[in-house]
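Enquirer: Would you mind keeping the following structure in view while I ask a few things?
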Amino acid sequence: MIHIKTKKIANCIHHTHWDPIWYFTAQDAMVQFSYNMKELLDAFEKGLVKNFFLDGQTAAIDEYLELHPEDRKRIEKWVKAGKLFIGPFHSQLDCFISSGESVINNLRLGITQANRLGGVSKIAYLPDSFGHSQDFPKIFNQMGIYDFVIKRGVGDEYGLGSEFWMESNDGSRILVCTMLSGYGYGTYAFKDGTLFSDQAVDYNKIDVKSLIERLLEKSTIKGEFVFPLGFDQNPAILNIDELIQKYNQESDEFEFQLTTWEEYMQKIREKGENLKTHRSELFSTQYHRVHKSIFSARSDIKTLQDQAERILTFEVQPLMSMLDRLGVTYDQGIIDKAWETLIKCQTHSSATLTDETNEYIKVESNNALNIAQATKVYLMKIIALSLPTNQKNIMPLVVYHTLPYERDVELELDVYTRSKDFKLVQNGEELPYTIVKQERQYGGVLRKDPVLLQEDQYFYKTTVIVQLKGFQGISYQTIYVHDHENATNKNYISPSNRSIENSRYRIELMDNGIRITDKKLGKTFDRAIYIDESGDEGDNYDYSYPDEDMIIHHYFETASCSAYNAEGISEMTLNGQFDIPSDLEHRSQKNLDSTLKYTLTIRLREDHDVIELKGSFQNESKNHRVRIVFSTDFANSYSYAGTQYGYIRRETEPEGLKVWKEENWFEEPSPTNPLLNHVSAVGDEYVLTAFTRSVKEYEFIGDGKKDIALTIFRSVGHLGLPDLNRRPGRPSGLDYKIFETPESQLIGEITFEIGISFYEHFDANRIMNDYIKYATDIIYYQNQPFDKAVHAISYFPTNPLPFFVPEHYHFLSLKDSEGAFGTVVKSADQSGYILRIYNNEKKEVQAGTLNLNLEQAELYTTTLLETELEQTSPELDVLKPGELRNIKIVSL
């Protein structure tokens with residue numbers, strides 16, 4: 001009897017991985033892609049290529065069509081034929097520090113564009129992102145996506161095969177295929193004819209044979225594995241059929257079969273054995289680098305991106321939705337442009353590039369922020385301009401509340417008047433206010449000779465604190481500024497000697513540092529906040545500790561202090577400096593030859609319990625890391641950090657630290673972690689939570705990991721370094737090249753905004769709602785003639801609205817809701833609005849009651865794609881564990 005050996009199946013997927021920027025510029029990529037795409041289209045037409053997977057994104061093809069609109073029909077032909085696979089993402093994203101709205105809009109824009117071109121691939125494909133969020137299943141499912149293909153983040157500690165189910169805390173799940181050996185491990189050997197030789201190695205110089213053996217061992221389909229044919233920036237393989245035929249004739253062991261991701265994922269569903277379920281994030285460093293400290297690289301850029309996200313999500317979209325209801329048309333084009341500009345910058349490489357490409361990302365991130373700011377100001381301006389006043393000296397100042405909570409707010413306003421005396425009036429009643437400062441400024445034509453300045457062109461800018469009561473969710477109120485009138489209830493701030501206080505906290509600068517007293521908890525924390533400064537011999541990808549480090553702690557004890565207390569808002573400002581080494585050489589010598597100067601402003605507000613910290617460092621040193629640290633008095637085995645729509649529990653001392661060197665992991669499983677919005681230390685007696693409006697990395701440090709350290713900045717000078725303490729082996733990036741990046745030393749001023757609060761117990765919804773209030777500014781606009789440079793867009797003449805505008809308006813509010821607010825937007829079909837709310841917890845909570853300023857409306861629950869509708873009522877019942885709910889509001 002003749003025994004015929006069964007060949008192992010190599011499932012070949014023809015593709016490219018396309019980075020829009022890296023060590024090359026966006027322009028380099030654009031030119032190369034143009035020629036690659038022309039070649040690919042010709043190859044389709046000549047029958048040289050049967051199918052091609054375009055990296056799961058649409059950004060490159062969008063740009064291509066801007067340059068080559070004549071090729072649109074050619075592209076549509078192959079997309080519709082199921083030969084060219086595009087989408088569902090617009091661009092490959094950073095999976096941990098992109099907000100929920102960023103992920104949703106990335107998919108929304110990608111799916112929309114792909115469908116315009118003939119159809120979208122429903123494979124969520126992130127081959128090079130550095131780990132993956134636990135919230136992806138719940139987001140992807142609502143986008144109609146149930147398959148997920150990745151490379152990084154899976155390790156043996158999870159006990160998974162190459163294929164498995166990934167499940168969010170709401171029960172949503174996706175089928176995951178992990179390319180454990182990479183997305184192009186055998187491509188070059190395949191193309192140059194050396195696949196079955198000893199010369200066949202991947203980009204990590206690991207032999208291809210051992211990588212295939214790893215895949216066969218981990219595969220849930222017996223005798224089969226994925227063999228991706230493509231790699232970074234690769235064009236199509238024009239002789240792919242010929243090469244497959246060649247290797248099939250030469251090999252008795254392998255059968256190479258050209259397939260697609262859609263076909264392979266279906267094969268897993270049909271033949272996969274013992275598919276396990278993973279219910280957490282994917283963030284292992286064992287088989288691939290995930291760069292666990294990448295989130296602090298170029299913190300200046302990440303601060304811009306954080307600000308743009310927050311303004312779009314919590315201010316612009318709700319504001320535009322509210323004013324659309326009044327008659328100011330919702331401008332989807334502007335919203336799309338803002339998100340598209342931003343998400344192109346939130347790359348999976350997370351601003352870890354050369355100076356030239358980092359500058360491009362910084363400029364584009366700032367452009368996204370400028371679009372968001374300009375849109376917000378225009379919308380505020382158009383209402384203020386359209387409110388008529390009967391007297392010249394009365395000016396409307398409109399305050400906008402863009403969150404659905406009903407509450408009173410404390411405001412700090414800049415009021416512009418001709419006279420130093422003025423009243424603030426609302427609903428015919430004078431409002432009391434407290435003056436923080438008042439400046440006399442000139443608004444006429446500037447001249448060199450002061451004698452030529454006109455006296456009647458001077459005006460006053462007065463910063464005041466005022467309380468506004470009774471905001472009904474997403475709404476606005478109008479204050480009228482009465483110029484040249486004496487206020488009867490005007491107060492001034494009370495200067496304080498080294499302390500500030502409100503009903504919840506007392507904060508003092510003591511001889512040994514900052515003391516915080518929490519009156520609600522009945523606890524006092526000494527040396528509650530400090531600066532941690534240390535060396536960093538890493539690069540733009542990763543922090544790495546030097547062999548000879550010198551760690552310096554500064555407790556603000558030598559800082560100068562100014563402070564004031566006022567009704568509603570109190571503030572303390574610390575200015576100081578301390579000595580540090582100027583570089584790694586001086587650090588190894590314990591030589592403190594440089595100075596780190598800082599400013600820190602601590603603010604207390606009566607309208608929420610977050611202690612706000614805002615400040616800057618003046619950096620003059622190189623290769624070091626600076627963190628602000630918040631102390632607790634208990635040990636922490638875990639941190640509890642916010643995700644897009646929930647929270648994740650992470651080890652503060654990962655188990656992998658014990659074995660990673662012995663087992664030759666690709667990178668240390670560092671305890672540094674991404675900070676999207678908040679992170680908590682959870683003790684038996686209380687919880688300490690840190691919030692961010694800027695920086696994106698945290699670590700628990702100190703004895704027992706009792707303190708939360710937020711990385712304010714890392715100062716480094718290279719893209720890619722070899723053999724780091726935390727990352728042994730080749731440089732990340734190009735294995736043969738080190739790029740100098742002096743701009744990444746961040747010499748100069750670095751700003752930050754962070755906050756802390758204390759809780760009796762951990763409630764993820766309460767903490768997330770506190771974050772949202774902290775993350776969202778109460779915004780306002782005064783229609784005044786004195787200074788048109790307050791907002792650049794104010795310079796543009798604008799016609800008032802041609803219809804009546806009320807001086808107060810309420811759009812919608814959520815009452816008695818225990819869930820968190822996502823955002824509100826116009827529906828895709830323009831028939832209504834979509835309100836997003838979600839439950840961060842793993843238990844049911846009350847969704848609350850939806851109050852609408854509509855005579856008649858129909859409410860539906862729907863998906864993120866808005867494809868399924870189920871009628872509901874304003875009594876929203878409960879949010880299920882982990883639920884992300886979209887409520888469609890249609891006015892009748």
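Chain labels run A, B, ... following the order of the structure tokens; each chain numbers its residues from 1, and ligands are numbered from 1 in the order shown.
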DSSP on the backbone, then: every residue of segment 646-856 of chain A marked helix (DSSP H, G or I), written as number ranges by chain.
Expert: A: 655-658, 703-705, 742-745, 764-775, 792-795
Enquirer: Can you pull out every residue within 10 Å of Asp593 of chain A, counting only C-alpha atoms, but drop anything in the same chain fewer than 4 positions away, and send it as a PyMOL selection string?
Expert: chain A and resi 579-583+586-587+621
Enquirer: Take the residues just selected and output them with N, CA, C and O atoms as a PDB file, in the first residue's frame.
Expert:
ATOM      1  N   ASP A 579      17.723  71.259  40.881  1.00  0.00           N
ATOM      2  CA  ASP A 579      18.886  70.897  40.082  1.00  0.00           C
ATOM      3  C   ASP A 579      18.801  69.449  39.619  1.00  0.00           C
ATOM      4  O   ASP A 579      18.413  68.551  40.382  1.00  0.00           O
ATOM      5  N   ILE A 580      19.204  69.228  38.359  1.00  0.00           N
ATOM      6  CA  ILE A 580      19.233  67.889  37.763  1.00  0.00           C
ATOM      7  C   ILE A 580      20.450  67.793  36.848  1.00  0.00           C
ATOM      8  O   ILE A 580      21.043  68.807  36.479  1.00  0.00           O
ATOM      9  N   PRO A 581      20.836  66.594  36.441  1.00  0.00           N
ATOM     10  CA  PRO A 581      21.925  66.466  35.457  1.00  0.00           C
ATOM     11  C   PRO A 581      21.476  66.948  34.081  1.00  0.00           C
ATOM     12  O   PRO A 581      20.302  66.869  33.729  1.00  0.00           O
ATOM     13  N   SER A 582      22.418  67.407  33.284  1.00  0.00           N
ATOM     14  CA  SER A 582      22.088  67.922  31.951  1.00  0.00           C
ATOM     15  C   SER A 582      21.994  66.823  30.912  1.00  0.00           C
ATOM     16  O   SER A 582      21.373  67.010  29.861  1.00  0.00           O
ATOM     17  N   ASP A 583      22.592  65.652  31.165  1.00  0.00           N
ATOM     18  CA  ASP A 583      22.561  64.541  30.217  1.00  0.00           C
ATOM     19  C   ASP A 583      22.959  63.261  30.941  1.00  0.00           C
ATOM     20  O   ASP A 583      23.225  63.262  32.153  1.00  0.00           O
ATOM     21  N   HIS A 586      26.562  63.273  32.691  1.00  0.00           N
ATOM     22  CA  HIS A 586      26.595  63.974  33.972  1.00  0.00           C
ATOM     23  C   HIS A 586      25.752  63.235  35.020  1.00  0.00           C
ATOM     24  O   HIS A 586      26.057  63.280  36.211  1.00  0.00           O
ATOM     25  N   ARG A 587      24.706  62.531  34.578  1.00  0.00           N
ATOM     26  CA  ARG A 587      23.896  61.762  35.526  1.00  0.00           C
ATOM     27  C   ARG A 587      24.722  60.623  36.125  1.00  0.00           C
ATOM     28  O   ARG A 587      24.642  60.349  37.329  1.00  0.00           O
ATOM     29  N   SER A 621      17.486  69.990  29.759  1.00  0.00           N
ATOM     30  CA  SER A 621      18.329  68.797  29.830  1.00  0.00           C
ATOM     31  C   SER A 621      17.914  67.779  28.776  1.00  0.00           C
ATOM     32  O   SER A 621      16.833  67.850  28.199  1.00  0.00           O
TER      33      SER A 621
END
Enquirer: Distance atom CA of Lys77 of chain A-atom CA of Gly118 of chain A, one decimal place?
Expert: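 A separation of 7.6 Å between them.
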Enquirer: So that I can see what lies close to segment 784-792 of chain A, please list as a ChimeraX atom specification the residues with an atom at most 7 Å from it, counting only C-alpha atoms and leaving out residues fewer than 6 positions away in the same chain.
Expert: /A:395,416,443,459
Enquirer: Next, the residues of the selection above should be written as an mmCIF file, in the first residue's frame with C-alpha atoms.
Expert:
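Generated output (out_15.cif):
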data_model
loop_
_atom_site.group_PDB
_atom_site.id
_atom_site.type_symbol
_atom_site.label_atom_id
_atom_site.label_comp_id
_atom_site.auth_asym_id
_atom_site.auth_seq_id
_atom_site.Cartn_x
_atom_site.Cartn_y
_atom_site.Cartn_z
ATOM 1 C CA MET A 395 -23.829 93.174 25.253
ATOM 2 C CA TYR A 416 -14.795 93.116 27.831
ATOM 3 C CA GLY A 443 -8.105 98.789 20.972
ATOM 4 C CA PHE A 459 -11.163 99.246 27.137
#
Enquirer: Show which residues sit within 9 Å of Gln233 of chain A, as a ChimeraX atom specification. Count only C-alpha atoms, and ignore same-chain residues fewer than 4 positions away.
Expert: /A:16-19,29,32-33
Enquirer: From a DSSP calculation on the backbone, collect every residue of segment 767-877 of chain A in strand (DSSP E or B) and output the set as a PDB file with C-alpha atoms, in the first residue's frame.
Expert:
ATOM      1  CA  ILE A 779     -17.697  77.625  26.795  1.00  0.00           C
ATOM      2  CA  TYR A 780     -18.955  81.134  26.149  1.00  0.00           C
ATOM      3  CA  TYR A 781     -18.922  84.024  23.697  1.00  0.00           C
ATOM      4  CA  GLN A 782     -19.421  87.742  24.309  1.00  0.00           C
ATOM      5  CA  TYR A 809     -32.463  77.225  25.119  1.00  0.00           C
ATOM      6  CA  HIS A 810     -32.586  73.605  26.273  1.00  0.00           C
ATOM      7  CA  PHE A 811     -31.948  70.773  23.784  1.00  0.00           C
ATOM      8  CA  LEU A 812     -31.841  67.581  25.840  1.00  0.00           C
ATOM      9  CA  SER A 813     -30.912  66.270  29.253  1.00  0.00           C
ATOM     10  CA  LEU A 814     -30.446  62.932  30.974  1.00  0.00           C
ATOM     11  CA  LYS A 815     -31.944  62.690  34.431  1.00  0.00           C
ATOM     12  CA  ALA A 820     -21.719  57.795  31.031  1.00  0.00           C
ATOM     13  CA  PHE A 821     -22.215  60.265  28.184  1.00  0.00           C
ATOM     14  CA  GLY A 822     -20.541  59.498  24.842  1.00  0.00           C
ATOM     15  CA  THR A 823     -21.620  62.342  22.574  1.00  0.00           C
ATOM     16  CA  VAL A 824     -24.555  63.479  20.432  1.00  0.00           C
ATOM     17  CA  VAL A 825     -24.416  63.833  16.629  1.00  0.00           C
ATOM     18  CA  LYS A 826     -26.740  64.240  13.655  1.00  0.00           C
ATOM     19  CA  TYR A 833     -29.888  62.867  16.285  1.00  0.00           C
ATOM     20  CA  ILE A 834     -27.876  60.032  17.831  1.00  0.00           C
ATOM     21  CA  LEU A 835     -27.210  60.156  21.576  1.00  0.00           C
ATOM     22  CA  ARG A 836     -24.469  57.802  22.784  1.00  0.00           C
ATOM     23  CA  ILE A 837     -24.443  56.577  26.386  1.00  0.00           C
ATOM     24  CA  TYR A 838     -22.667  53.608  27.921  1.00  0.00           C
ATOM     25  CA  VAL A 845     -27.201  50.451  36.014  1.00  0.00           C
ATOM     26  CA  GLN A 846     -30.036  52.868  35.409  1.00  0.00           C
ATOM     27  CA  THR A 849     -34.829  59.504  31.692  1.00  0.00           C
ATOM     28  CA  LEU A 850     -34.300  61.468  28.496  1.00  0.00           C
ATOM     29  CA  ASN A 851     -35.849  64.948  28.559  1.00  0.00           C
ATOM     30  CA  LEU A 852     -36.253  66.552  25.125  1.00  0.00           C
ATOM     31  CA  ALA A 857     -40.480  62.716  18.959  1.00  0.00           C
ATOM     32  CA  GLU A 858     -39.872  59.066  18.305  1.00  0.00           C
ATOM     33  CA  LEU A 859     -36.978  57.302  19.967  1.00  0.00           C
ATOM     34  CA  TYR A 860     -35.138  54.224  18.732  1.00  0.00           C
ATOM     35  CA  THR A 861     -32.152  52.206  19.858  1.00  0.00           C
ATOM     36  CA  THR A 862     -29.758  51.618  16.988  1.00  0.00           C
ATOM     37  CA  GLU A 870     -35.939  49.301  17.738  1.00  0.00           C
ATOM     38  CA  GLN A 871     -38.437  51.750  19.185  1.00  0.00           C
ATOM     39  CA  THR A 872     -37.917  52.868  22.768  1.00  0.00           C
ATOM     40  CA  GLU A 875     -37.702  56.099  30.168  1.00  0.00           C
TER      41      GLU A 875
END
Enquirer: List the neighbours of Asn106 of chain A out to 8 Å using only C-alpha atoms; skip same-chain residues closer than 4 positions along the sequence, and give me the result as JSON, numbers by chain.
Expert: {"A": [89, 90, 91, 102, 110, 339, 340, 343]}
Enquirer: Pull N, CA, C and O atoms from the residues just selected and write them as a short mmCIF file (atom, residue, chain, number, x, y, z; two decimals), in the first residue's frame.
Expert:
data_model
loop_
_atom_site.label_atom_id
_atom_site.label_comp_id
_atom_site.auth_asym_id
_atom_site.auth_seq_id
_atom_site.Cartn_x
_atom_site.Cartn_y
_atom_site.Cartn_z
N PHE A 89 -11.17 50.45 8.11
CA PHE A 89 -10.61 51.63 8.77
C PHE A 89 -10.26 52.70 7.74
O PHE A 89 -9.96 52.40 6.58
N HIS A 90 -10.29 53.92 8.20
CA HIS A 90 -9.74 54.99 7.37
C HIS A 90 -8.22 54.95 7.44
O HIS A 90 -7.54 55.08 6.42
N SER A 91 -7.66 54.75 8.63
CA SER A 91 -6.22 54.63 8.79
C SER A 91 -5.92 53.78 10.02
O SER A 91 -6.75 53.65 10.91
N SER A 102 -12.87 58.62 18.40
CA SER A 102 -11.86 58.51 17.35
C SER A 102 -11.96 57.16 16.64
O SER A 102 -11.89 57.09 15.41
N GLY A 110 -13.91 55.25 7.07
CA GLY A 110 -13.39 54.19 6.22
C GLY A 110 -14.48 53.39 5.54
O GLY A 110 -14.42 53.11 4.34
N TRP A 339 -12.34 65.17 11.92
CA TRP A 339 -11.98 63.82 12.34
C TRP A 339 -10.98 63.19 11.39
O TRP A 339 -10.04 62.51 11.83
N GLU A 340 -11.15 63.39 10.10
CA GLU A 340 -10.21 62.82 9.14
C GLU A 340 -8.80 63.37 9.37
O GLU A 340 -7.82 62.62 9.36
N ILE A 343 -7.53 61.72 12.80
CA ILE A 343 -7.23 60.28 12.86
C ILE A 343 -6.06 59.91 11.95
O ILE A 343 -5.39 58.89 12.20
#
Enquirer: A:Glu217, A:Asp202, A:Asp232, A:Glu76: which is nearest His15 of chain A, counting only C-alpha atoms?
Expert: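 Of A:Glu217, A:Asp202, A:Asp232, A:Glu76, the one nearest His15 of chain A is A:Asp232, counting only C-alpha atoms.
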Enquirer: Excluding same-chain residues fewer than 2 positions from Ala297 of chain A, what lies within 10 Å of it counting only C-alpha atoms, as a list in words?
Expert: Ser293, Ile294, Phe295, Ser299, Asp300, Ile301, Lys302, Ser350, Ala351, Thr352, Leu353, Asp539, Asn540, Tyr541, Asp542, Tyr543, Val695, Lys696, Glu697, Thr711, Ile712, Phe713, Arg714, Ser715, Val716, Ser744 and Gln745 of chain A
Enquirer: What gap, in Å, lies between atom CA of Asn497 of chain A and atom CA of Ile529 of chain A?
Expert: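 So the answer is 19.0 Å.
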Enquirer: Under the rule that only C-alpha atoms are counted, which of A:Glu508, A:Glu455, A:Asp549, A:Glu163 is the nearest residue to Glu273 of chain A?
Expert: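 Of A:Glu508, A:Glu455, A:Asp549, A:Glu163, the one nearest Glu273 of chain A is A:Glu163, counting only C-alpha atoms.
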Enquirer: Which residues are near Gln577 of chain A? Cut-off 10 Å, only C-alpha atoms, ignore same chain within fewer than 4 positions. Put them as a compact mmCIF listing (two decimals) with C-alpha atoms, in the first residue's frame.
Expert:
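Contents of around-v2.txt, as written:
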# COMPACT_ATOMS: atom_id res chain seq x y z
CA HIS A 554 11.13 67.10 44.41
CA PHE A 556 7.68 71.59 45.94
CA THR A 558 11.16 75.32 48.03
CA ALA A 559 8.59 76.76 45.62
CA SER A 560 7.27 80.29 45.85
CA THR A 595 18.07 73.25 36.38
CA LEU A 596 14.46 72.17 35.84
CA LYS A 597 12.09 75.11 36.30
CA TYR A 598 8.36 74.64 36.73
CA THR A 599 5.03 76.35 37.27
CA PHE A 617 8.25 72.67 32.78
CA GLN A 618 11.12 74.57 31.21
Enquirer: With segment 248-259 of chain A as the partner and 10 Å as the cut-off, tabulate the residues of segment 207-235 of chain A that qualify, each row holding the nearest pair of atoms and their distance in Å to one decimal, using only C-alpha atoms, sorted by chain and rising number, as a tab-separated table.
Expert:
residue	atom	partner	partner_atom	distance
A:Gly223	CA	A:Phe254	CA	9.5
A:Glu224	CA	A:Phe254	CA	9.3
A:Val226	CA	A:Thr259	CA	9.7
A:Phe227	CA	A:Phe256	CA	8.4
A:Pro228	CA	A:Leu258	CA	9.7
A:Leu229	CA	A:Leu258	CA	9.5
Enquirer: Do you have the atom CA of Gly161 of chain A-atom CA of Leu93 of chain A distance handy?
Expert: 24.7 Å
Enquirer: Would you please work out which residue, of A:Asn169, A:Ser98, A:Asn591, A:Thr689, is nearest to Val610 of chain A when using only C-alpha atoms?
Expert: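 Ranked by minimum distance to Val610 of chain A, first place goes to A:Thr689.
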Enquirer: From the set A:Thr341, A:Asn783, A:Lys661, A:Leu746, which residue has the shortest atom-to-atom contact distance to Tyr480 of chain A, counting only C-alpha atoms?
Expert: A:Asn783
Enquirer: Calculated over only C-alpha atoms, which of the candidates A:Asp55, A:Glu740, A:Asp456, A:Glu167 has the smallest distance to Gly230 of chain A?
Expert: A:Asp55
